[in-house]
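Peer 1: Could you have a look at this structure, given as structure tokens, before my questions?
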2 protein chains.
Amino acid sequence: MQNPGLLKELIQSLCCLPGVGQKSAQRMAFHLLQRNRDGGRQLSRVLSQAMDNIGYCRDCRTLTEAEVCEVCANPQRDDAVLCIVESAADVWVIDQATSFKGKYFVLHGRLSPLDGMGPDQLGIDLLEQRLASGVIKEIILATNSTIEGQATAHFIGEIANKFHIRATRIAHGVPMGGELEFIDSGTLSHAFNDRREF
Amino acid sequence: MQNPGLLKELIQSLCCLPGVGQKSAQRMAFHLLQRNRDGGRQLSRVLSQAMDNIGYCRDCRTLTEAEVCEVCANPQRDDAVLCIVESAADVWVIDQATSFKGKYFVLHGRLSPLDGMGPDQLGIDLLEQRLASGVIKEIILATNSTIEGQATAHFIGEIANKFHIRATRIAHGVPMGGELEFIDSGTLSHAFNDRREF
Ligand SMILES: [Zn+2]
Ligand SMILES: [Zn+2]
């Protein structure tokens with residue numbers, strides 16, 4: 001007789017992945033054990049390496065195992081444009097979806113005093129140092145379009161002003177391909193107010 | 001500069017999990033790195049233990065790290081009733097959903113000559129040994145209700161006959177709570193032919 005049993009332990013551990021409940025965890029465990037043990041071993045190895053070795057970029061605070069991340073270290077990318085995002089995942093998403101070739105700064109959150117998220121937690125001092133360096137000509141505020149994300153964008157925009165640096169905000173409106181009847185009213189009203197010449 | 005980068009490697013490795021595409025893998029990687037490194041480390045540890053140590057039960061062929069699985073080793077369970085299933089996952093599902101207190105036998109597949117799945121692959125010799133032992137009074141054929149699952153049930157039912165052991169098949173029909181208009185016609189026709197006194 002074993003204790004809880006390795007299989008049960010495996011299923012339980014897989015439940016720590018976001019979006020994975022008991023049922024998918026079972027399916028995953030059986031799939032790996034019956035059809036892809038090498039995949040499971042590889043995942044185990046990479047997971048442990050990643051958890052132990054991935055830290056934060058010295059310059060932009062994104063996730064990386066290097067002292068300076070790939071983007072910051074890339075001399076092909078434009079130092080004059082800095083895109084400010086809430087999370088490291090956003091860097092990933094923007095780099096895949098757009099042709100943006102500037103650099104990033106990751107806040108790891110948004111201003112939210114009630115949750116203890118203030119300028120210190122968001123690395124604003126580091127951001128100010130970079131803005132003070134004179135290299136940056138424009139910051140793109142790509143925080144989320146939530147109330148807190150907007151407030152954070154506003155707060156950082158003010159800092160940019162202080163340094164006479166241009167601050168832009170990514171456009172908000174009806175998603176491409178989105179049908180008007182399925183768009184929430186806040187977005188639709190914003191899209192109307194922010195309309196452009198056609 | 002690093003090679004592919006640990007973060008990309010992690011995302012790629014997570015894609016080996018069934019039902020996990022590029023996007024969910026990204027979400028998982030960022031979640032673990034930003035919010036649950038201990039969970040990630042724990043998952044890594046259990047994964048590697050499971051891949052290396054989980055084998056097959058000597059008696060029923062289900063997945064276990066022991067020589068004999070928890071169910072087979074449990075003296076409270078009835079040796080006289082043997083439930084035949086296609087996969088180790090089915091053992092799990094049946095044990096959670098029903099009050100079945102007999103034992104199991106796992107085929108790890110179904111008869112499918114074109115895929116090279118014959119009696120040898122399904123452990124039929126081991127099953128025959130168990131049926132020959134005289135302990136088993138009934139086998140419950142719980143293979144899937146696919147054509148191959150039915151053929152497999154039929155094949156094993158014949159063997160049970162040879163040993164004068166009762167063979168039963170789990171009921172098929174309209175799922176509980178299922179609405180008739182959404183049931184496929186094969187199931188509905190089976191449910192009609194298999195109707196009972198009310
Ligand atoms: Zn960086
Ligand atoms: Zn067993």
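Following the order of the structure tokens, first chain is A, next is B, and so on, with residues numbered from 1 inside each chain and ligands from 1 in the order they appear.
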Excluding range 72-89 of chain B and any residue of its chain fewer than 2 positions from it, enumerate the residues within 6 Å of it, using only C-alpha atoms, and give them as a PyMOL selection string.
Peer 2: chain B and resi 62+69-70+91-92+101-109+135-143
Peer 1: Convert the current residue selection to file output with N, CA and C atoms, as a PDB file, in the first residue's frame.
Peer 2:
```pdb
ATOM      1  N   THR B  62      -3.375  -1.892 -14.534  1.00  0.00           N
ATOM      2  CA  THR B  62      -3.604  -0.441 -14.448  1.00  0.00           C
ATOM      3  C   THR B  62      -2.305   0.255 -14.073  1.00  0.00           C
ATOM      4  N   CYS B  69      -1.632  -2.839  -7.637  1.00  0.00           N
ATOM      5  CA  CYS B  69      -2.266  -1.536  -7.427  1.00  0.00           C
ATOM      6  C   CYS B  69      -3.129  -1.531  -6.171  1.00  0.00           C
ATOM      7  N   GLU B  70      -3.545  -0.342  -5.769  1.00  0.00           N
ATOM      8  CA  GLU B  70      -4.342  -0.138  -4.576  1.00  0.00           C
ATOM      9  C   GLU B  70      -5.633  -0.955  -4.594  1.00  0.00           C
ATOM     10  N   VAL B  91     -10.776   3.171 -15.182  1.00  0.00           N
ATOM     11  CA  VAL B  91     -10.793   2.668 -13.801  1.00  0.00           C
ATOM     12  C   VAL B  91     -11.109   3.824 -12.857  1.00  0.00           C
ATOM     13  N   TRP B  92     -10.364   4.883 -13.054  1.00  0.00           N
ATOM     14  CA  TRP B  92     -10.500   6.106 -12.290  1.00  0.00           C
ATOM     15  C   TRP B  92     -11.929   6.649 -12.357  1.00  0.00           C
ATOM     16  N   LYS B 101     -17.505  -2.165  -6.341  1.00  0.00           N
ATOM     17  CA  LYS B 101     -16.519  -2.568  -5.335  1.00  0.00           C
ATOM     18  C   LYS B 101     -15.797  -3.856  -5.712  1.00  0.00           C
ATOM     19  N   GLY B 102     -15.868  -4.205  -7.021  1.00  0.00           N
ATOM     20  CA  GLY B 102     -15.125  -5.370  -7.486  1.00  0.00           C
ATOM     21  C   GLY B 102     -13.735  -4.959  -7.926  1.00  0.00           C
ATOM     22  N   LYS B 103     -13.151  -5.765  -8.826  1.00  0.00           N
ATOM     23  CA  LYS B 103     -11.813  -5.440  -9.314  1.00  0.00           C
ATOM     24  C   LYS B 103     -11.859  -5.125 -10.806  1.00  0.00           C
ATOM     25  N   TYR B 104     -10.716  -4.730 -11.339  1.00  0.00           N
ATOM     26  CA  TYR B 104     -10.664  -4.297 -12.740  1.00  0.00           C
ATOM     27  C   TYR B 104      -9.666  -5.116 -13.539  1.00  0.00           C
ATOM     28  N   PHE B 105      -9.819  -5.013 -14.851  1.00  0.00           N
ATOM     29  CA  PHE B 105      -8.771  -5.489 -15.745  1.00  0.00           C
ATOM     30  C   PHE B 105      -8.655  -4.482 -16.892  1.00  0.00           C
ATOM     31  N   VAL B 106      -7.445  -3.975 -17.117  1.00  0.00           N
ATOM     32  CA  VAL B 106      -7.254  -2.912 -18.099  1.00  0.00           C
ATOM     33  C   VAL B 106      -6.639  -3.464 -19.388  1.00  0.00           C
ATOM     34  N   LEU B 107      -7.329  -3.273 -20.493  1.00  0.00           N
ATOM     35  CA  LEU B 107      -6.862  -3.796 -21.786  1.00  0.00           C
ATOM     36  C   LEU B 107      -5.776  -2.913 -22.409  1.00  0.00           C
ATOM     37  N   HIS B 108      -5.751  -1.629 -22.055  1.00  0.00           N
ATOM     38  CA  HIS B 108      -4.870  -0.659 -22.731  1.00  0.00           C
ATOM     39  C   HIS B 108      -5.107  -0.672 -24.236  1.00  0.00           C
ATOM     40  N   GLY B 109      -6.367  -0.566 -24.606  1.00  0.00           N
ATOM     41  CA  GLY B 109      -6.708  -0.510 -26.026  1.00  0.00           C
ATOM     42  C   GLY B 109      -7.945  -1.335 -26.314  1.00  0.00           C
ATOM     43  N   VAL B 135     -11.955 -18.006  -9.329  1.00  0.00           N
ATOM     44  CA  VAL B 135     -12.388 -17.020  -8.330  1.00  0.00           C
ATOM     45  C   VAL B 135     -13.480 -16.108  -8.886  1.00  0.00           C
ATOM     46  N   ILE B 136     -13.402 -15.830 -10.185  1.00  0.00           N
ATOM     47  CA  ILE B 136     -14.287 -14.833 -10.788  1.00  0.00           C
ATOM     48  C   ILE B 136     -15.625 -15.442 -11.199  1.00  0.00           C
ATOM     49  N   LYS B 137     -16.705 -14.775 -10.742  1.00  0.00           N
ATOM     50  CA  LYS B 137     -18.047 -15.279 -11.036  1.00  0.00           C
ATOM     51  C   LYS B 137     -18.737 -14.433 -12.119  1.00  0.00           C
ATOM     52  N   GLU B 138     -18.319 -13.206 -12.257  1.00  0.00           N
ATOM     53  CA  GLU B 138     -18.951 -12.330 -13.259  1.00  0.00           C
ATOM     54  C   GLU B 138     -17.914 -11.374 -13.822  1.00  0.00           C
ATOM     55  N   ILE B 139     -17.955 -11.151 -15.133  1.00  0.00           N
ATOM     56  CA  ILE B 139     -17.170 -10.055 -15.690  1.00  0.00           C
ATOM     57  C   ILE B 139     -18.148  -9.013 -16.238  1.00  0.00           C
ATOM     58  N   ILE B 140     -17.818  -7.741 -15.976  1.00  0.00           N
ATOM     59  CA  ILE B 140     -18.624  -6.633 -16.495  1.00  0.00           C
ATOM     60  C   ILE B 140     -17.845  -6.024 -17.650  1.00  0.00           C
ATOM     61  N   LEU B 141     -18.400  -6.075 -18.843  1.00  0.00           N
ATOM     62  CA  LEU B 141     -17.705  -5.560 -20.018  1.00  0.00           C
ATOM     63  C   LEU B 141     -17.979  -4.066 -20.136  1.00  0.00           C
ATOM     64  N   ALA B 142     -16.995  -3.251 -19.768  1.00  0.00           N
ATOM     65  CA  ALA B 142     -17.173  -1.803 -19.778  1.00  0.00           C
ATOM     66  C   ALA B 142     -16.294  -1.139 -20.836  1.00  0.00           C
ATOM     67  N   THR B 143     -16.060  -1.850 -21.930  1.00  0.00           N
ATOM     68  CA  THR B 143     -15.351  -1.217 -23.047  1.00  0.00           C
ATOM     69  C   THR B 143     -16.263  -0.152 -23.646  1.00  0.00           C
TER      70      THR B 143
END
```
Peer 1: Give the strand (DSSP E or B) residues of range 9-143 of chain B, as assigned by DSSP on the backbone, as a PyMOL selection string.
Peer 2: chain B and resi 55-56+63-64+81-85+103-106+112+117+138-141
Peer 1: Let's have the selection written as a short mmCIF file (atom, residue, chain, number, x, y, z; two decimals), in the first residue's frame, with C-alpha atoms.
Peer 2:
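Output file result.cif is given in full below:
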```cif
data_model
loop_
_atom_site.label_atom_id
_atom_site.label_comp_id
_atom_site.auth_asym_id
_atom_site.auth_seq_id
_atom_site.Cartn_x
_atom_site.Cartn_y
_atom_site.Cartn_z
CA GLY B 55 4.38 1.13 -14.17
CA TYR B 56 1.62 -1.44 -14.60
CA LEU B 63 -1.09 2.36 -13.82
CA THR B 64 0.60 2.22 -10.43
CA VAL B 81 -16.53 -9.48 -10.05
CA LEU B 82 -14.08 -8.22 -12.66
CA CYS B 83 -14.76 -5.07 -14.67
CA ILE B 84 -12.99 -4.98 -18.05
CA VAL B 85 -12.05 -1.52 -19.32
CA LYS B 103 -11.81 -5.44 -9.31
CA TYR B 104 -10.66 -4.30 -12.74
CA PHE B 105 -8.77 -5.49 -15.74
CA VAL B 106 -7.25 -2.91 -18.10
CA SER B 112 -8.13 -3.24 -33.86
CA MET B 117 -4.00 -4.34 -31.57
CA GLU B 138 -18.95 -12.33 -13.26
CA ILE B 139 -17.17 -10.06 -15.69
CA ILE B 140 -18.62 -6.63 -16.49
CA LEU B 141 -17.71 -5.56 -20.02
#
```
Peer 1: Just need the residues of chain A within 9 Å of chain B, counting only C-alpha atoms, so spit them out as a ChimeraX atom specification.
Peer 2: /A:1-2,5-7,9-10,12-14,16-19,24,26-34,36-55,63-66,68-70,73-74,88-89,92,108
Peer 1: Export, as an mmCIF file, in the first residue's frame, the selected residues with C-alpha atoms.
Peer 2:
```
data_model
loop_
_atom_site.group_PDB
_atom_site.id
_atom_site.type_symbol
_atom_site.label_atom_id
_atom_site.label_comp_id
_atom_site.auth_asym_id
_atom_site.auth_seq_id
_atom_site.Cartn_x
_atom_site.Cartn_y
_atom_site.Cartn_z
ATOM 1 C CA MET A 1 0.000 0.000 0.000
ATOM 2 C CA GLN A 2 1.316 3.414 -0.885
ATOM 3 C CA GLY A 5 -0.314 7.425 -4.578
ATOM 4 C CA LEU A 6 1.934 8.990 -7.180
ATOM 5 C CA LEU A 7 -0.810 9.115 -9.797
ATOM 6 C CA GLU A 9 -0.206 13.357 -6.547
ATOM 7 C CA LEU A 10 0.505 13.990 -10.217
ATOM 8 C CA GLN A 12 -3.189 17.204 -7.949
ATOM 9 C CA SER A 13 0.027 18.929 -8.991
ATOM 10 C CA LEU A 14 -1.255 19.483 -12.527
ATOM 11 C CA CYS A 16 -1.795 24.192 -10.106
ATOM 12 C CA LEU A 17 -1.814 25.168 -13.792
ATOM 13 C CA PRO A 18 -4.315 27.933 -14.553
ATOM 14 C CA GLY A 19 -7.446 26.694 -16.301
ATOM 15 C CA SER A 24 -8.266 17.935 -17.455
ATOM 16 C CA GLN A 26 -6.608 13.449 -15.086
ATOM 17 C CA ARG A 27 -6.584 13.520 -18.866
ATOM 18 C CA MET A 28 -3.113 15.099 -18.869
ATOM 19 C CA ALA A 29 -1.681 12.614 -16.382
ATOM 20 C CA PHE A 30 -2.971 9.590 -18.295
ATOM 21 C CA HIS A 31 -1.861 11.029 -21.611
ATOM 22 C CA LEU A 32 1.700 11.580 -20.402
ATOM 23 C CA LEU A 33 1.935 8.201 -18.671
ATOM 24 C CA GLN A 34 0.451 6.187 -21.504
ATOM 25 C CA ASN A 36 4.410 10.564 -23.860
ATOM 26 C CA ARG A 37 6.704 9.848 -20.925
ATOM 27 C CA ASP A 38 9.605 11.549 -22.663
ATOM 28 C CA GLY A 39 7.492 14.684 -23.051
ATOM 29 C CA GLY A 40 6.662 14.505 -19.354
ATOM 30 C CA ARG A 41 10.324 14.144 -18.392
ATOM 31 C CA GLN A 42 11.296 17.028 -20.635
ATOM 32 C CA LEU A 43 8.553 19.209 -19.134
ATOM 33 C CA SER A 44 9.756 18.326 -15.637
ATOM 34 C CA ARG A 45 13.328 19.307 -16.492
ATOM 35 C CA VAL A 46 12.457 22.600 -18.161
ATOM 36 C CA LEU A 47 9.965 23.511 -15.428
ATOM 37 C CA SER A 48 12.527 23.141 -12.683
ATOM 38 C CA GLN A 49 15.163 25.062 -14.642
ATOM 39 C CA ALA A 50 12.699 27.838 -15.397
ATOM 40 C CA MET A 51 11.397 28.163 -11.830
ATOM 41 C CA ASP A 52 14.953 28.363 -10.479
ATOM 42 C CA ASN A 53 16.698 30.445 -13.137
ATOM 43 C CA ILE A 54 14.235 32.897 -14.643
ATOM 44 C CA GLY A 55 14.444 36.281 -12.975
ATOM 45 C CA LEU A 63 11.072 37.724 -17.230
ATOM 46 C CA THR A 64 14.412 36.354 -18.400
ATOM 47 C CA GLU A 65 17.156 34.019 -17.239
ATOM 48 C CA ALA A 66 19.775 36.539 -18.409
ATOM 49 C CA VAL A 68 19.485 41.719 -19.551
ATOM 50 C CA CYS A 69 16.643 40.302 -21.664
ATOM 51 C CA GLU A 70 16.797 39.484 -25.372
ATOM 52 C CA ALA A 73 20.150 43.384 -25.431
ATOM 53 C CA ASN A 74 19.161 43.602 -29.098
ATOM 54 C CA ALA A 88 5.613 40.278 -18.957
ATOM 55 C CA ALA A 89 2.944 38.394 -20.888
ATOM 56 C CA TRP A 92 5.147 38.601 -25.522
ATOM 57 C CA HIS A 108 4.238 43.935 -12.994
#
```
Peer 1: Quick one: pick out all alpha helix (DSSP H) residues within range 8-80 of chain B from a backbone DSSP run and write them as a PyMOL selection string.
Peer 2: chain B and resi 8-14+22-35+37-53
Peer 1: To one decimal place in Å, what is the distance between CA of Asp115 in chain B and CA of Ala132 in chain B?
Peer 2: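 Interatomic distance, CA of Asp115 in chain B to CA of Ala132 in chain B: 28.6 Å.
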Peer 1: Taking only C-alpha atoms into account, name the residue in A:Thr146, A:Glu158, A:Gln121, A:Phe163 that is nearest to Ser133 in chain A.
Peer 2: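 The closest residue to Ser133 in chain A is A:Phe163.
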Peer 1: Report as a list in words all protein, DNA and RNA residues lying within 9 Å of Ala191 in chain A, evaluated on only C-alpha atoms, omitting residues in the same chain fewer than 5 positions from it.
Peer 2: His172, Gly173, Val174 and Gly186 of chain A
Peer 1: How would the residues just chosen look if you wrote them out with C-alpha atoms as a compact mmCIF listing (two decimals), in the first residue's frame?
Peer 2:
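File result27.txt, as written:
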```txt
# COMPACT_ATOMS: atom_id res chain seq x y z
CA HIS A 172 -9.18 51.69 -27.84
CA GLY A 173 -12.38 50.96 -29.72
CA VAL A 174 -14.31 48.28 -31.52
CA GLY A 186 -18.35 51.48 -22.69
```
Peer 1: In Å, with one decimal, what is the gap from atom 1 (Zn, counted along the ligand's line) of ligand 2 to CA of Arg130 in chain B?
Peer 2: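 Rounded to one decimal, the two atoms are 12.2 Å apart.
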Peer 1: Using Å and a single decimal, report how far CA of Pro113 in chain A sits from CA of Lys162 in chain A.
Peer 2: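 Calculated distance between CA of Lys162 in chain A and CA of Pro113 in chain A is 22.8 Å.
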